[in-house]
Every structure is written in C-alpha cells, then in structure tokens.
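Coordinates from target-v8.pdb are shown below (PDB, C-alpha atoms).
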```pdb
ATOM      1  CA  MET A   1       4.384  77.740  18.820  1.00  0.00           C
ATOM      2  CA  ALA A   2       3.077  78.647  15.409  1.00  0.00           C
ATOM      3  CA  GLY A   3       5.575  78.355  12.593  1.00  0.00           C
ATOM      4  CA  SER A   4       8.190  76.454  14.590  1.00  0.00           C
ATOM      5  CA  LYS A   5       9.823  73.541  12.823  1.00  0.00           C
ATOM      6  CA  ILE A   6      10.629  70.231  14.447  1.00  0.00           C
ATOM      7  CA  ASN A   7      14.221  69.152  14.119  1.00  0.00           C
ATOM      8  CA  PRO A   8      14.202  65.903  12.046  1.00  0.00           C
ATOM      9  CA  LEU A   9      17.060  64.472  14.085  1.00  0.00           C
ATOM     10  CA  LYS A  10      15.144  65.081  17.300  1.00  0.00           C
ATOM     11  CA  ALA A  11      12.042  63.478  15.787  1.00  0.00           C
ATOM     12  CA  PHE A  12      14.094  60.407  14.798  1.00  0.00           C
ATOM     13  CA  LEU A  13      15.441  59.838  18.332  1.00  0.00           C
ATOM     14  CA  PRO A  14      12.476  57.697  19.505  1.00  0.00           C
ATOM     15  CA  LEU A  15      13.245  55.205  16.724  1.00  0.00           C
ATOM     16  CA  VAL A  16      16.879  55.074  17.842  1.00  0.00           C
ATOM     17  CA  GLY A  17      15.692  54.540  21.408  1.00  0.00           C
ATOM     18  CA  ILE A  18      13.427  51.652  20.368  1.00  0.00           C
ATOM     19  CA  PHE A  19      16.294  50.108  18.385  1.00  0.00           C
ATOM     20  CA  ILE A  20      18.701  50.274  21.322  1.00  0.00           C
ATOM     21  CA  LEU A  21      16.082  49.066  23.817  1.00  0.00           C
ATOM     22  CA  VAL A  22      15.148  46.032  21.711  1.00  0.00           C
ATOM     23  CA  ASN A  23      18.825  45.133  21.185  1.00  0.00           C
ATOM     24  CA  LEU A  24      19.526  45.384  24.909  1.00  0.00           C
ATOM     25  CA  LEU A  25      16.434  43.390  25.833  1.00  0.00           C
ATOM     26  CA  GLY A  26      17.202  40.794  23.168  1.00  0.00           C
ATOM     27  CA  SER A  27      20.700  40.329  24.502  1.00  0.00           C
ATOM     28  CA  TYR A  28      19.623  40.333  28.149  1.00  0.00           C
ATOM     29  CA  LEU A  29      16.625  38.024  27.675  1.00  0.00           C
ATOM     30  CA  ASN A  30      18.408  35.577  25.358  1.00  0.00           C
ATOM     31  CA  PRO A  31      18.222  32.662  27.871  1.00  0.00           C
ATOM     32  CA  GLN A  32      14.533  33.367  28.531  1.00  0.00           C
ATOM     33  CA  MET A  33      13.861  33.607  24.791  1.00  0.00           C
ATOM     34  CA  LYS A  34      15.378  30.133  24.362  1.00  0.00           C
ATOM     35  CA  ASP A  35      12.906  28.829  26.940  1.00  0.00           C
ATOM     36  CA  TRP A  36      10.108  30.418  24.910  1.00  0.00           C
ATOM     37  CA  LYS A  37      11.584  28.815  21.757  1.00  0.00           C
ATOM     38  CA  ILE A  38      12.267  32.230  20.179  1.00  0.00           C
ATOM     39  CA  ASP A  39      15.443  32.514  18.118  1.00  0.00           C
ATOM     40  CA  ALA A  40      17.014  35.737  19.394  1.00  0.00           C
ATOM     41  CA  ARG A  41      19.166  36.085  16.262  1.00  0.00           C
ATOM     42  CA  VAL A  42      16.057  36.291  14.085  1.00  0.00           C
ATOM     43  CA  VAL A  43      14.522  38.926  16.358  1.00  0.00           C
ATOM     44  CA  LEU A  44      17.722  40.991  16.483  1.00  0.00           C
ATOM     45  CA  TRP A  45      18.177  40.842  12.703  1.00  0.00           C
ATOM     46  CA  GLY A  46      14.498  41.693  12.303  1.00  0.00           C
ATOM     47  CA  ASN A  47      15.056  44.671  14.579  1.00  0.00           C
ATOM     48  CA  ILE A  48      17.958  45.860  12.408  1.00  0.00           C
ATOM     49  CA  ILE A  49      15.915  45.497   9.223  1.00  0.00           C
ATOM     50  CA  LEU A  50      12.923  47.252  10.777  1.00  0.00           C
ATOM     51  CA  PHE A  51      15.113  50.081  12.022  1.00  0.00           C
ATOM     52  CA  LEU A  52      16.603  50.600   8.551  1.00  0.00           C
ATOM     53  CA  ALA A  53      13.183  50.361   6.892  1.00  0.00           C
ATOM     54  CA  SER A  54      11.710  52.791   9.427  1.00  0.00           C
ATOM     55  CA  GLY A  55      14.612  55.170   8.853  1.00  0.00           C
ATOM     56  CA  LEU A  56      14.010  55.115   5.112  1.00  0.00           C
ATOM     57  CA  SER A  57      10.274  55.648   5.520  1.00  0.00           C
ATOM     58  CA  PHE A  58      11.016  58.426   8.033  1.00  0.00           C
ATOM     59  CA  TYR A  59      13.029  60.145   5.291  1.00  0.00           C
ATOM     60  CA  PHE A  60      10.016  59.970   2.964  1.00  0.00           C
ATOM     61  CA  TYR A  61       7.739  61.288   5.706  1.00  0.00           C
ATOM     62  CA  GLN A  62      10.064  64.251   6.255  1.00  0.00           C
ATOM     63  CA  LYS A  63      10.017  64.942   2.513  1.00  0.00           C
ATOM     64  CA  SER A  64       6.220  64.808   2.552  1.00  0.00           C
ATOM     65  CA  ILE A  65       6.037  67.459   5.263  1.00  0.00           C
ATOM     66  CA  ALA A  66       8.206  69.793   3.191  1.00  0.00           C
ATOM     67  CA  ASN A  67       6.108  69.299   0.056  1.00  0.00           C
ATOM     68  CA  LYS A  68       3.531  72.021  -0.552  1.00  0.00           C
ATOM     69  CA  GLN A  69       1.401  70.091  -3.045  1.00  0.00           C
ATOM     70  CA  PRO A  70      -1.264  67.697  -1.721  1.00  0.00           C
ATOM     71  CA  TYR A  71      -0.437  65.022  -4.314  1.00  0.00           C
ATOM     72  CA  GLY A  72       3.278  65.311  -3.489  1.00  0.00           C
ATOM     73  CA  PHE A  73       2.506  64.939   0.204  1.00  0.00           C
ATOM     74  CA  LEU A  74       0.464  61.787  -0.418  1.00  0.00           C
ATOM     75  CA  ASN A  75       3.041  60.374  -2.839  1.00  0.00           C
ATOM     76  CA  TYR A  76       5.766  60.578  -0.206  1.00  0.00           C
ATOM     77  CA  ILE A  77       3.515  59.115   2.492  1.00  0.00           C
ATOM     78  CA  TYR A  78       2.558  56.185   0.272  1.00  0.00           C
ATOM     79  CA  ALA A  79       6.193  55.732  -0.778  1.00  0.00           C
ATOM     80  CA  GLY A  80       7.263  55.533   2.873  1.00  0.00           C
ATOM     81  CA  ILE A  81       4.619  52.950   3.685  1.00  0.00           C
ATOM     82  CA  LEU A  82       5.358  50.914   0.557  1.00  0.00           C
ATOM     83  CA  VAL A  83       9.137  50.932   1.033  1.00  0.00           C
ATOM     84  CA  LYS A  84       8.867  49.807   4.639  1.00  0.00           C
ATOM     85  CA  MET A  85       6.382  47.066   3.831  1.00  0.00           C
ATOM     86  CA  MET A  86       8.334  45.790   0.817  1.00  0.00           C
ATOM     87  CA  LEU A  87      11.653  45.683   2.685  1.00  0.00           C
ATOM     88  CA  CYS A  88      10.030  43.694   5.465  1.00  0.00           C
ATOM     89  CA  LEU A  89       8.327  41.321   3.040  1.00  0.00           C
ATOM     90  CA  VAL A  90      11.563  40.705   1.124  1.00  0.00           C
ATOM     91  CA  ALA A  91      13.476  40.101   4.366  1.00  0.00           C
ATOM     92  CA  ALA A  92      10.798  37.668   5.599  1.00  0.00           C
ATOM     93  CA  PHE A  93      10.779  35.863   2.247  1.00  0.00           C
ATOM     94  CA  ILE A  94      14.577  35.513   2.270  1.00  0.00           C
ATOM     95  CA  TYR A  95      14.539  34.207   5.850  1.00  0.00           C
ATOM     96  CA  ILE A  96      11.792  31.690   5.086  1.00  0.00           C
ATOM     97  CA  LYS A  97      13.581  30.452   1.951  1.00  0.00           C
ATOM     98  CA  MET A  98      16.943  30.182   3.706  1.00  0.00           C
ATOM     99  CA  SER A  99      15.656  28.384   6.798  1.00  0.00           C
ATOM    100  CA  GLY A 100      13.441  25.920   4.935  1.00  0.00           C
ATOM    101  CA  LYS A 101      11.368  23.852   7.325  1.00  0.00           C
ATOM    102  CA  SER A 102      13.122  25.205  10.425  1.00  0.00           C
ATOM    103  CA  VAL A 103      11.368  28.585  10.388  1.00  0.00           C
ATOM    104  CA  ASN A 104      11.076  29.965  13.900  1.00  0.00           C
ATOM    105  CA  LYS A 105       7.445  31.089  13.996  1.00  0.00           C
ATOM    106  CA  PRO A 106       7.611  32.708  17.459  1.00  0.00           C
ATOM    107  CA  ALA A 107      10.489  34.894  16.232  1.00  0.00           C
ATOM    108  CA  ILE A 108       8.449  35.877  13.158  1.00  0.00           C
ATOM    109  CA  PHE A 109       5.580  36.898  15.444  1.00  0.00           C
ATOM    110  CA  ALA A 110       8.016  38.873  17.615  1.00  0.00           C
ATOM    111  CA  CYS A 111       9.193  40.704  14.487  1.00  0.00           C
ATOM    112  CA  MET A 112       5.568  41.389  13.534  1.00  0.00           C
ATOM    113  CA  PHE A 113       5.083  42.931  16.969  1.00  0.00           C
ATOM    114  CA  LEU A 114       8.230  45.023  16.442  1.00  0.00           C
ATOM    115  CA  TYR A 115       6.781  46.191  13.120  1.00  0.00           C
ATOM    116  CA  LEU A 116       3.793  47.558  15.003  1.00  0.00           C
ATOM    117  CA  VAL A 117       6.047  49.198  17.590  1.00  0.00           C
ATOM    118  CA  TYR A 118       8.129  50.910  14.903  1.00  0.00           C
ATOM    119  CA  THR A 119       4.984  52.019  13.104  1.00  0.00           C
TER     120      THR A 119
END
```
Using structure tokens, write down the structure from this file.
Amino acid sequence: MAGSKINPLKAFLPLVGIFILVNLLGSYLNPQMKDWKIDARVVLWGNIILFLASGLSFYFYQKSIANKQPYGFLNYIYAGILVKMMLCLVAAFIYIKMSGKSVNKPAIFACMFLYLVYT
C-alpha cells in the first residue's frame, strides 16, 4: 500500500522475540553450554546489552526514516551503527578487564554471533 506507515512498535517486535528466544534457550541449554565450556551468564548478559544497543540503534533508524533530508537520513543511520558498535565494544572491554585471564572465549564468540543476529 502506497503511503502506509509501519508502526514502530510492530517493527520492533522481532527484536523482542529474539531477546526472549535467546534468554529461554540460554536458560534451557545451560547444562549443555557447560559441556561446551560456554559461560551462560556471559551470553545472557551479552544478549541484554545487545538488545539495549539494538533498541537504541532502532530509535535512530526510526528517526532517519522520518527525516526528509538525505544528510539527516545518513547521519541517523551512521549514529545508530556507531552507538551499537561502541556500546558492544565498551561492554566487551569491561568484561575482558574484569575477568582478567579467565575470559570465556566461546561465550565471546556466541555474543559475536548474537550481534549478527540482532543486526
């Protein structure tokens, strides 16, 4: 339909679904994740951070759609990408500094996969 607008809340629902699905799977597969040497707490916290970062970037993307100027559109798109990436980098840096030599690399890779899923 030409001229119809997409409800932002309805467009955000897939992200909420991914968030809930990953939390349920993380809780359900916790024993299996231990066998794989994946720290489920790191993955679940990574999921929370990615959900919040994706929500913030989603806000910027919605603002970009409403902007009529091409430079404004691109500014909001780049802001969304940059905010999401920086939040994830800061969270990873904090985790690595706090855990020292006991960094759980499989959990970091699981969070990297979740980053792709949220993107």
Interatomic distance (Å, one decimal) between CA of Gly17 (chain A) and CA of Leu50 (chain A) = 13.2 Å
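Closest approach to Ala53 (chain A) from the set A:Pro31, A:Gly80, A:Gly26, A:Pro8 is made by A:Gly80, with distances taken over only C-alpha atoms.
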Choose the residue, out of A:Tyr71, A:Tyr61, A:Phe51, A:Tyr76, that has the smallest atom-to-atom separation from Cys88 (chain A); count all atoms listed in the file.
-> A:Phe51
Excluding same-chain residues fewer than 3 positions from Ile38 (chain A), what lies within 6 Å of it counting all atoms listed in the file, as a VMD selection string?
-> chain A and resid 33 to 34 106 to 107
Given only C-alpha atoms as the counted atoms, nearest of A:Cys111, A:Leu74, A:Ala92, A:Val16 to Ser54 (chain A) |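 Smallest distance to Ser54 (chain A) is found for A:Val16.
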Excluding same-chain residues fewer than 3 positions from Ile77 (chain A), what lies within 10 Å of it counting all atoms listed in the file, as a list in words?
->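 Near Ile77 (chain A), the qualifying residues are Ser57, Phe58, Tyr59, Phe60, Tyr61, Gln62, Lys63, Ser64, Ile65, Tyr71, Gly72, Phe73, Leu74, Gly80, Ile81 and Leu82 of chain A.
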Out of A:Ala79, A:Leu25, A:Met85, A:Met98, which residue has the shortest atom-to-atom distance to Leu52 (chain A) when counting all atoms listed in the file?
-> A:Met85
Convert the output of the PyMOL selection byres ((chain A and resi 108) around 10) on the shown file into explicit residues, formatted as a list of chain:residue names.
->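 After applying the PyMOL selection byres ((chain A and resi 108) around 10), what remains is A:Ile38, A:Asp39, A:Val42, A:Val43, A:Gly46, A:Ala92, A:Tyr95, A:Ile96, A:Val103, A:Asn104, A:Lys105, A:Pro106, A:Ala107, A:Phe109, A:Ala110, A:Cys111, A:Met112, A:Phe113, A:Leu114.
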Interatomic distance (Å, one decimal) between CA of Leu116 (chain A) and CA of Leu29 (chain A) =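 So the two atoms, CA of Leu116 (chain A) and CA of Leu29 (chain A), lie 20.4 Å apart.
The closest residue to Ser27 (chain A), picked from A:Leu56, A:Ala91, A:Leu44, A:Val117 and counting all atoms listed in the file, is A:Leu44.
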CA of Tyr78 (chain A) to CA of Phe19 (chain A), distance in Å rounded to a single decimal |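 Between CA of Tyr78 (chain A) and CA of Phe19 (chain A) the gap works out to 23.5 Å.
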